[in-house]
$ cat entry06.txt   # compact mmCIF, C-alpha atoms
# COMPACT_ATOMS: atom_id res chain seq x y z
CA MET A 1213 188.51 228.97 -96.24
CA ASN A 1214 188.43 229.39 -92.48
CA THR A 1215 191.62 231.07 -91.26
CA SER A 1216 190.65 231.75 -87.63
CA SER A 1217 191.02 229.36 -84.72
CA ARG A 1218 187.25 229.10 -84.37
CA LEU A 1219 185.82 226.35 -86.53
CA PRO A 1220 182.61 226.85 -88.52
CA THR A 1221 179.44 224.85 -88.02
CA LEU A 1222 178.02 222.87 -90.93
CA TYR A 1223 174.68 221.46 -91.99
CA ILE A 1224 175.29 218.82 -94.65
CA PRO A 1225 173.17 216.44 -96.74
CA HIS A 1226 173.92 212.75 -96.27
CA GLY A 1227 172.12 211.52 -99.37
CA GLY A 1228 169.87 208.48 -99.55
CA GLY A 1229 171.13 205.40 -97.74
CA PRO A 1230 174.54 204.30 -99.11
CA CYS A 1231 173.92 206.21 -102.37
CA PHE A 1232 177.52 207.31 -102.94
CA PHE A 1233 178.82 203.74 -102.82
CA MET A 1234 176.51 202.09 -105.35
CA ASP A 1235 175.09 202.67 -108.81
CA PRO A 1236 171.86 204.70 -108.93
CA MET A 1237 168.70 202.66 -109.12
CA PRO A 1238 167.56 201.70 -112.64
CA GLY A 1239 165.74 204.53 -114.37
CA PHE A 1240 167.54 207.30 -112.51
CA PRO A 1241 170.37 209.47 -113.85
CA PRO A 1242 173.81 207.83 -113.49
CA THR A 1243 175.21 211.13 -112.22
CA MET A 1244 172.37 211.65 -109.75
CA TRP A 1245 174.54 211.92 -106.61
CA ASN A 1246 177.72 213.30 -108.18
CA ALA A 1247 177.34 216.95 -107.18
CA MET A 1248 176.49 216.11 -103.58
CA GLU A 1249 179.39 213.67 -103.42
CA ALA A 1250 181.78 216.31 -104.78
CA PHE A 1251 180.54 218.82 -102.20
CA LEU A 1252 181.14 216.39 -99.33
CA ARG A 1253 184.58 215.41 -100.61
CA GLY A 1254 185.48 219.09 -100.90
CA LEU A 1255 184.59 220.03 -97.33
CA PRO A 1256 188.09 219.66 -95.83
CA ALA A 1257 189.46 222.17 -98.34
CA MET A 1258 186.51 224.48 -97.76
CA ILE A 1259 186.98 224.38 -93.98
CA GLY A 1260 190.68 225.00 -94.43
CA VAL A 1261 191.86 223.54 -91.11
CA ARG A 1262 191.86 220.03 -89.76
CA PRO A 1263 189.68 219.64 -86.66
CA GLN A 1264 190.90 217.76 -83.63
CA ALA A 1265 187.53 215.97 -83.52
CA VAL A 1266 184.02 216.10 -84.98
CA LEU A 1267 180.72 216.25 -83.12
CA VAL A 1268 177.91 215.03 -85.37
CA ILE A 1269 174.16 215.39 -84.89
CA SER A 1270 172.39 213.03 -87.30
CA GLY A 1271 168.74 212.93 -88.29
CA HIS A 1272 168.79 209.19 -87.54
CA TRP A 1273 169.07 209.16 -83.75
CA GLU A 1274 166.51 210.50 -81.28
CA CYS A 1275 166.40 210.15 -77.49
CA ALA A 1276 164.33 211.57 -74.64
CA VAL A 1277 167.40 213.50 -73.41
CA PRO A 1278 170.53 214.44 -75.37
CA THR A 1279 172.61 211.29 -75.49
CA VAL A 1280 176.29 211.08 -76.34
CA LEU A 1281 177.79 208.18 -78.27
CA ALA A 1282 181.32 208.38 -76.98
CA SER A 1283 182.87 204.96 -77.34
CA GLY A 1284 186.55 204.57 -78.09
CA LYS A 1285 185.75 202.35 -81.08
CA TYR A 1286 182.55 202.02 -83.09
CA SER A 1287 180.55 199.46 -84.93
CA LEU A 1288 178.39 200.66 -87.83
CA LEU A 1289 174.61 200.71 -87.85
CA TYR A 1290 173.40 199.81 -91.35
CA ASP A 1291 170.06 201.49 -90.84
CA TYR A 1292 168.95 201.40 -94.46
CA TYR A 1293 166.92 198.78 -96.26
CA GLY A 1294 166.73 197.14 -99.65
CA PHE A 1295 170.14 198.18 -100.98
CA PRO A 1296 172.82 196.01 -102.66
CA GLU A 1297 174.47 193.44 -100.44
CA HIS A 1298 177.91 195.05 -100.63
CA THR A 1299 176.59 198.22 -98.98
CA TYR A 1300 176.11 196.22 -95.76
CA ARG A 1301 179.85 195.49 -95.74
CA LEU A 1302 181.01 199.12 -95.92
CA THR A 1303 183.55 200.02 -93.27
CA TYR A 1304 184.51 203.22 -91.49
CA PRO A 1305 186.92 202.55 -88.62
CA ALA A 1306 186.79 205.99 -87.02
CA SER A 1307 187.83 206.24 -83.40
CA GLY A 1308 185.70 207.93 -80.79
CA SER A 1309 186.69 210.40 -78.11
CA PRO A 1310 185.43 209.68 -74.60
CA ALA A 1311 187.10 212.93 -73.50
CA LEU A 1312 185.03 214.94 -75.99
CA GLY A 1313 181.93 213.00 -74.93
CA ALA A 1314 182.55 214.03 -71.33
CA ARG A 1315 183.13 217.64 -72.41
CA VAL A 1316 179.83 217.64 -74.32
CA GLN A 1317 178.02 216.42 -71.21
CA GLU A 1318 179.74 219.05 -69.09
CA LEU A 1319 178.59 221.84 -71.41
CA LEU A 1320 175.06 220.46 -71.54
CA LYS A 1321 174.93 220.29 -67.73
CA GLN A 1322 176.08 223.91 -67.48
CA ALA A 1323 173.19 224.85 -69.78
CA GLY A 1324 170.65 222.95 -67.68
CA PHE A 1325 170.32 219.84 -69.85
CA GLU A 1326 170.22 216.38 -68.34
CA SER A 1327 172.17 214.05 -70.63
CA GLN A 1328 173.20 210.42 -70.95
CA GLN A 1329 175.95 208.35 -72.53
CA GLU A 1330 175.51 205.40 -74.88
CA HIS A 1331 178.28 202.91 -75.63
CA GLN A 1332 176.65 200.06 -77.56
CA ARG A 1333 175.00 201.81 -80.51
CA GLY A 1334 176.93 202.04 -83.78
CA LEU A 1335 177.42 205.08 -85.97
CA ASP A 1336 174.33 205.39 -88.17
CA HIS A 1337 174.45 206.05 -91.91
CA GLY A 1338 173.82 209.75 -91.36
CA VAL A 1339 177.36 209.76 -89.97
CA PHE A 1340 179.49 207.10 -91.61
CA ILE A 1341 178.20 207.53 -95.16
CA PRO A 1342 179.07 211.25 -95.53
CA PHE A 1343 182.23 210.97 -93.45
CA LYS A 1344 183.57 208.21 -95.69
CA LEU A 1345 183.72 211.03 -98.25
CA ILE A 1346 184.75 213.90 -95.97
CA TYR A 1347 187.53 212.13 -94.06
CA PRO A 1348 187.98 208.88 -96.02
CA GLU A 1349 190.96 207.77 -93.93
CA ALA A 1350 188.72 207.74 -90.82
CA ASP A 1351 191.53 209.56 -89.01
CA VAL A 1352 189.51 212.29 -87.26
CA PRO A 1353 187.81 211.20 -84.00
CA ILE A 1354 184.01 211.35 -84.08
CA VAL A 1355 181.43 211.73 -81.33
CA GLN A 1356 177.71 211.54 -82.13
CA LEU A 1357 175.01 213.39 -80.23
CA SER A 1358 171.34 212.44 -80.46
CA LEU A 1359 168.42 214.64 -81.33
CA LEU A 1360 165.65 215.11 -78.79
CA ASN A 1361 162.57 213.05 -79.59
CA SER A 1362 160.41 216.04 -78.68
CA LEU A 1363 161.48 217.48 -82.06
CA ASP A 1364 161.23 220.95 -80.49
CA PRO A 1365 163.18 223.42 -82.66
CA ALA A 1366 163.79 225.86 -79.78
CA ALA A 1367 165.27 223.08 -77.63
CA HIS A 1368 167.63 222.11 -80.45
CA LEU A 1369 168.76 225.71 -80.88
CA ALA A 1370 169.43 225.73 -77.12
CA LEU A 1371 171.50 222.56 -77.49
CA GLY A 1372 173.58 224.36 -80.06
CA HIS A 1373 174.07 227.36 -77.79
CA ALA A 1374 175.40 225.05 -75.10
CA LEU A 1375 177.84 223.37 -77.46
CA SER A 1376 179.20 226.54 -79.05
CA PRO A 1377 182.42 226.68 -76.92
CA LEU A 1378 183.61 223.50 -78.64
CA ARG A 1379 184.26 225.53 -81.78
CA ASP A 1380 187.16 227.23 -79.99
CA GLU A 1381 188.47 223.86 -78.79
CA GLY A 1382 189.21 222.34 -82.18
CA VAL A 1383 185.84 220.59 -82.60
CA LEU A 1384 183.90 220.74 -85.86
CA ILE A 1385 180.14 220.64 -85.17
CA VAL A 1386 178.21 219.06 -88.03
CA GLY A 1387 174.48 218.57 -88.49
CA SER A 1388 173.74 215.73 -90.92
CA GLY A 1389 170.30 215.62 -92.51
CA LEU A 1390 168.51 216.75 -95.66
CA SER A 1391 166.92 220.13 -96.30
CA TYR A 1392 164.21 218.29 -98.27
CA HIS A 1393 163.04 215.01 -96.75
CA ASN A 1394 159.67 213.81 -97.97
CA LEU A 1395 160.43 210.29 -99.16
CA ARG A 1396 156.87 209.75 -100.41
CA GLU A 1397 157.30 212.59 -102.90
CA PHE A 1398 161.05 212.55 -103.52
CA PHE A 1399 160.93 210.13 -106.45
CA SER A 1400 157.72 211.62 -107.85
CA PRO A 1401 157.68 214.11 -110.76
CA ASN A 1402 154.82 215.91 -109.00
CA ALA A 1403 155.14 219.57 -110.04
CA ALA A 1404 153.45 220.78 -106.84
CA ALA A 1405 155.99 218.91 -104.70
CA ASN A 1406 158.84 220.35 -106.74
CA GLU A 1407 157.47 223.87 -106.32
CA ALA A 1408 156.99 223.38 -102.58
CA SER A 1409 160.63 222.35 -102.30
CA VAL A 1410 161.77 225.49 -104.11
CA GLN A 1411 159.58 227.72 -101.95
CA PHE A 1412 160.87 226.20 -98.73
CA ASP A 1413 164.47 226.19 -99.94
CA ASN A 1414 164.23 229.90 -100.79
CA TRP A 1415 162.72 230.64 -97.38
CA LEU A 1416 165.35 228.60 -95.59
CA GLY A 1417 168.19 230.29 -97.43
CA ASN A 1418 166.81 233.70 -96.47
CA ALA A 1419 166.36 232.61 -92.86
CA ILE A 1420 169.93 231.34 -92.64
CA SER A 1421 171.22 234.62 -94.08
CA ALA A 1422 169.24 236.79 -91.63
CA ALA A 1423 170.75 238.51 -88.60
CA PRO A 1424 171.26 235.98 -85.76
CA ALA A 1425 168.30 236.99 -83.55
CA GLU A 1426 165.92 237.04 -86.52
CA ARG A 1427 167.43 233.80 -87.84
CA GLU A 1428 166.65 231.94 -84.66
CA GLN A 1429 163.12 233.36 -84.47
CA LEU A 1430 162.47 232.22 -88.03
CA LEU A 1431 163.90 228.75 -87.44
CA VAL A 1432 161.74 228.24 -84.35
CA GLN A 1433 158.72 229.01 -86.54
CA TRP A 1434 159.88 226.97 -89.53
CA GLU A 1435 156.53 225.17 -89.82
CA THR A 1436 154.88 228.41 -90.95
CA ALA A 1437 157.21 228.74 -93.95
CA PRO A 1438 155.90 228.14 -97.49
CA GLY A 1439 156.08 224.43 -98.33
CA ALA A 1440 157.47 223.53 -94.89
CA ARG A 1441 155.42 220.44 -94.09
CA ALA A 1442 155.34 219.36 -97.73
CA CYS A 1443 159.14 219.13 -97.49
CA HIS A 1444 159.32 217.79 -93.93
CA PRO A 1445 156.27 215.74 -92.90
CA ARG A 1446 158.44 214.93 -89.87
CA SER A 1447 161.28 217.26 -88.90
CA GLU A 1448 164.10 214.94 -87.81
CA HIS A 1449 166.21 215.64 -90.91
CA LEU A 1450 165.85 219.41 -90.48
CA LEU A 1451 166.55 219.64 -86.75
CA PRO A 1452 170.32 219.09 -87.02
CA LEU A 1453 170.28 222.50 -88.72
CA MET A 1454 168.81 224.03 -85.56
CA VAL A 1455 171.66 222.65 -83.46
CA ILE A 1456 174.39 224.01 -85.70
CA ALA A 1457 172.57 227.35 -86.06
CA GLY A 1458 172.47 227.60 -82.27
CA ALA A 1459 176.17 226.75 -82.06
CA ALA A 1460 176.87 229.47 -84.62
CA GLY A 1461 176.12 232.20 -82.09
CA THR A 1462 176.40 235.57 -83.85
CA ASP A 1463 178.28 234.21 -86.87
CA ALA A 1464 176.73 234.81 -90.28
CA GLY A 1465 175.27 231.92 -92.23
CA HIS A 1466 175.34 231.20 -95.94
CA ILE A 1467 174.40 228.54 -98.47
CA SER A 1468 177.39 226.30 -99.16
CA TYR A 1469 175.78 223.91 -101.67
CA SER A 1470 172.51 223.84 -103.58
CA GLU A 1471 171.08 221.77 -106.41
CA PRO A 1472 167.76 220.40 -107.65
CA LEU A 1473 167.79 216.65 -107.05
CA LEU A 1474 165.04 214.91 -109.05
CA GLY A 1475 163.37 218.31 -109.12
CA LYS A 1476 163.55 218.78 -105.34
CA ALA A 1477 165.72 221.63 -104.04
CA GLN A 1478 168.46 220.48 -101.65
CA SER A 1479 170.89 222.79 -99.87
CA ALA A 1480 173.67 222.82 -97.29
CA TYR A 1481 174.64 225.67 -94.96
CA GLN A 1482 177.70 226.96 -93.18
CA PHE A 1483 178.04 229.39 -90.26
CA GLY A 1484 181.34 231.12 -89.64
$ encode --input "entry06.txt" --output "C-alpha cells"
Amino acid sequence: MNTSSRLPTLYIPHGGGPCFFMDPMPGFPPTMWNAMEAFLRGLPAMIGVRPQAVLVISGHWECAVPTVLASGKYSLLYDYYGFPEHTYRLTYPASGSPALGARVQELLKQAGFESQQEHQRGLDHGVFIPFKLIYPEADVPIVQLSLLNSLDPAAHLALGHALSPLRDEGVLIVGSGLSYHNLREFFSPNAAANEASVQFDNWLGNAISAAPAEREQLLVQWETAPGARACHPRSEHLLPLMVIAGAAGTDAGHISYSEPLLGKAQSAYQFG
C-alpha cells in the first residue's frame, strides 16, 4: 500500500481485446483470464490512495510527436476484431481532464518535446478494457498520451522523466501493454516460444529491480536481452513500460503480478 503523497507508476497488462467481458474462445481454459482480471480489480487496494486523475500510455496509439487526448468526454474506440457482438457495446463513461492535458503539454514543453492535442479520437481498448476493472464506476478522470511512432526506448524514458512531477500532483501514471506480445506465437504450444518468454521475463524482472541508472541503461538496450524479439517482434506493447520507468525517477521497481498464460510468461511492474 502506498502511504506517501507521491503516487506510484504502474505497467499493467490489458489482456487480449475485450477478454474480461466474454467467455474464452472454445478450446481454451475457462479460467484463462481470471488471475489477470483479479490483479486489475485489486489495483485500487494495492495503490492505497485514490488518484485525482489517471494519465494512461497505451500500446495502441502512436503519433509522430507525443499527443494528448484531453477531451472532457470520450467515445470508445473498439479497436479489436472478430469478437462477440456484445463486446462492441461495452461502455465506459469516464470523463477527461483538459486541465491535466494542458499540464502534460506544459511539462513536455519544459523538457523540450513538441506536443499536440487530439479531441476526436476515442479511448482505445488498452485503456477502457482494463479501467472497467480498475475503476468500474468510471469516476476517475482519464487522460491518454500517445506513444512516439519512432518506437525509440530512450525517447520514451525521456517522456517519463518529463511527466514525473505529476506523481506529486495526484496523478497516477499507468503504462498499458503486455510484457509478452507475439500474437503469432501466443496461442501456439511451441516450447521454444514458451522458453523465450521465460528468458525475457526473467531478464525484464531483473532489469526492473536494478538500481535506477542501470535500469534505464538496460531498458534502452532491451533488444539485446534473451528472447527479446521473440516476445516483441514490434515493441509498441513494451514501450509504455519505458514511460513509467522514466517517470519513476529513483524509485525502486518490483514485479506486481506474474503468471504463465498459455505457457507464455506475463508480468506487471510497479515503481514506488
$ residues_around --input "entry06.txt" --residues "A:Pro1220" --least-positions-apart "4" --cutoff "8 Å" --atoms "all atoms listed in the file" --output "PyMOL selection string"
chain A and resi 1214+1259+1379+1384-1385+1460+1482-1484
$ closest_atom_pairs --input "entry06.txt" --of "stretch 1430-1484 of chain A" --to "stretch 1392-1406 of chain A" --cutoff "6 Å" --atoms "all atoms listed in the file" --output "tab-separated table"
residue	atom	partner	partner_atom	distance
A:Cys1443	CA	A:Tyr1392	CA	5.2
A:His1444	CA	A:His1393	CA	5.4
A:Gly1475	CA	A:Asn1406	CA	5.5
A:Lys1476	CA	A:Asn1406	CA	5.2
A:Gln1478	CA	A:Tyr1392	CA	5.9
$ write_last_selection --input "entry06.txt" --atoms "C-alpha atoms" --output "CSV table (one decimal), keeping the file's coordinate frame"
chain,number,residue,atom,x,y,z
A,1443,CYS,CA,159.1,219.1,-97.5
A,1444,HIS,CA,159.3,217.8,-93.9
A,1475,GLY,CA,163.4,218.3,-109.1
A,1476,LYS,CA,163.6,218.8,-105.3
A,1478,GLN,CA,168.5,220.5,-101.6
$ atom_distance --input "entry06.txt" --atom1 "atom CA of A:Leu1255" --atom2 "atom CA of A:Pro1342"
10.5 Å
$ closest_atom_pairs --input "entry06.txt" --of "stretch 1380-1478 of chain A" --to "stretch 1273-1292 of chain A" --cutoff "12 Å" --atoms "all atoms listed in the file" --output "Markdown table"
| residue | atom | partner | partner_atom | distance |
| --- | --- | --- | --- | --- |
| A:Gly1387 | CA | A:Trp1273 | CA | 11.8 |
| A:Ser1388 | CA | A:Trp1273 | CA | 10.8 |
| A:Gly1389 | CA | A:Trp1273 | CA | 11.0 |
| A:Ser1447 | CA | A:Glu1274 | CA | 11.5 |
| A:Glu1448 | CA | A:Glu1274 | CA | 8.3 |
| A:His1449 | CA | A:Trp1273 | CA | 10.1 |
| A:Leu1451 | CA | A:Glu1274 | CA | 10.7 |
| A:Pro1452 | CA | A:Trp1273 | CA | 10.5 |
| A:Val1455 | CA | A:Pro1278 | CA | 11.6 |
$ atom_distance --input "entry06.txt" --atom1 "atom CA of A:Ile1456" --atom2 "atom CA of A:Gly1372"
5.7 Å
$ residues_around --input "entry06.txt" --residues "A:Ser1468" --least-positions-apart "3" --cutoff "12 Å" --atoms "only C-alpha atoms" --output "ChimeraX atom specification"
/A:1213,1220-1225,1248,1251-1252,1254-1255,1258-1259,1417,1420-1421,1465,1471,1478-1484
$ atom_distance --input "entry06.txt" --atom1 "atom CA of A:Gly1227" --atom2 "atom CA of A:Gly1271"
11.7 Å
$ residues_around --input "entry06.txt" --residues "A:Ala1370" --least-positions-apart "4" --cutoff "7 Å" --atoms "only C-alpha atoms" --output "VMD selection string"
chain A and resid 1366 1374 1458
$ residues_around --input "entry06.txt" --residues "A:Tyr1304" --least-positions-apart "5" --cutoff "7 Å" --atoms "all atoms listed in the file" --output "MDAnalysis selection string"
chainID A and resid 1340 1344 1350
$ closest_residue --input "entry06.txt" --among "A:Leu1359, A:Gln1264, A:Phe1233, A:Lys1321" --to "A:Glu1297" --atoms "all atoms listed in the file"
A:Phe1233
$ closest_residue --input "entry06.txt" --among "A:Asn1414, A:Ser1376, A:Thr1299, A:Ser1270" --to "A:Ser1358" --atoms "only C-alpha atoms"
A:Ser1270
$ residues_around --input "entry06.txt" --residues "A:Leu1371" --least-positions-apart "2" --cutoff "8 Å" --atoms "only C-alpha atoms" --output "MDAnalysis selection string"
chainID A and resid 1320 1367:1369 1373:1375 1455 1458:1459
$ closest_residue --input "entry06.txt" --among "A:Val1383, A:Val1352, A:Leu1453, A:Leu1474" --to "A:Ser1217" --atoms "all atoms listed in the file"
A:Val1383
$ decode --input "entry06.txt" --residues "stretch 1357-1371 of chain A" --atoms "N, CA, C and O atoms" --output "CSV table (one decimal), in the first residue's frame"
chain,number,residue,atom,x,y,z
A,1357,LEU,N,-2.1,9.6,-23.3
A,1357,LEU,CA,-1.0,10.1,-24.0
A,1357,LEU,C,-0.5,9.1,-25.0
A,1357,LEU,O,-0.3,7.9,-24.7
A,1358,SER,N,-0.2,9.5,-26.2
A,1358,SER,CA,0.3,8.6,-27.3
A,1358,SER,C,1.7,8.2,-27.0
A,1358,SER,O,2.5,8.8,-26.4
A,1359,LEU,N,2.1,7.0,-27.6
A,1359,LEU,CA,3.5,6.7,-27.8
A,1359,LEU,C,4.0,7.5,-29.0
A,1359,LEU,O,3.3,8.1,-29.8
A,1360,LEU,N,5.3,7.4,-29.1
A,1360,LEU,CA,6.0,8.0,-30.3
A,1360,LEU,C,6.2,6.9,-31.4
A,1360,LEU,O,6.6,5.8,-31.0
A,1361,ASN,N,5.8,7.2,-32.6
A,1361,ASN,CA,5.9,6.2,-33.6
A,1361,ASN,C,7.4,5.8,-34.0
A,1361,ASN,O,7.6,4.9,-34.8
A,1362,SER,N,8.3,6.6,-33.5
A,1362,SER,CA,9.7,6.2,-33.7
A,1362,SER,C,10.1,4.9,-32.9
A,1362,SER,O,11.0,4.2,-33.2
A,1363,LEU,N,9.3,4.6,-31.9
A,1363,LEU,CA,9.5,3.4,-31.0
A,1363,LEU,C,10.9,3.4,-30.4
A,1363,LEU,O,11.4,2.3,-30.1
A,1364,ASP,N,11.4,4.6,-30.1
A,1364,ASP,CA,12.7,4.7,-29.5
A,1364,ASP,C,12.6,4.6,-28.0
A,1364,ASP,O,12.0,5.4,-27.4
A,1365,PRO,N,13.2,3.6,-27.4
A,1365,PRO,CA,13.1,3.4,-26.0
A,1365,PRO,C,13.6,4.6,-25.2
A,1365,PRO,O,13.0,4.9,-24.1
A,1366,ALA,N,14.8,5.1,-25.6
A,1366,ALA,CA,15.3,6.3,-24.8
A,1366,ALA,C,14.4,7.5,-24.8
A,1366,ALA,O,14.3,8.2,-23.8
A,1367,ALA,N,13.7,7.7,-26.0
A,1367,ALA,CA,12.8,8.8,-26.1
A,1367,ALA,C,11.6,8.6,-25.1
A,1367,ALA,O,11.1,9.6,-24.5
A,1368,HIS,N,11.2,7.4,-25.0
A,1368,HIS,CA,10.0,7.1,-24.1
A,1368,HIS,C,10.5,7.2,-22.6
A,1368,HIS,O,9.6,7.6,-21.8
A,1369,LEU,N,11.7,6.8,-22.3
A,1369,LEU,CA,12.2,7.1,-21.0
A,1369,LEU,C,12.2,8.6,-20.7
A,1369,LEU,O,11.8,9.0,-19.6
A,1370,ALA,N,12.6,9.4,-21.7
A,1370,ALA,CA,12.7,10.8,-21.5
A,1370,ALA,C,11.3,11.4,-21.3
A,1370,ALA,O,11.1,12.3,-20.5
A,1371,LEU,N,10.3,10.8,-22.0
A,1371,LEU,CA,8.9,11.3,-21.8
A,1371,LEU,C,8.5,11.1,-20.3
A,1371,LEU,O,7.9,11.9,-19.7
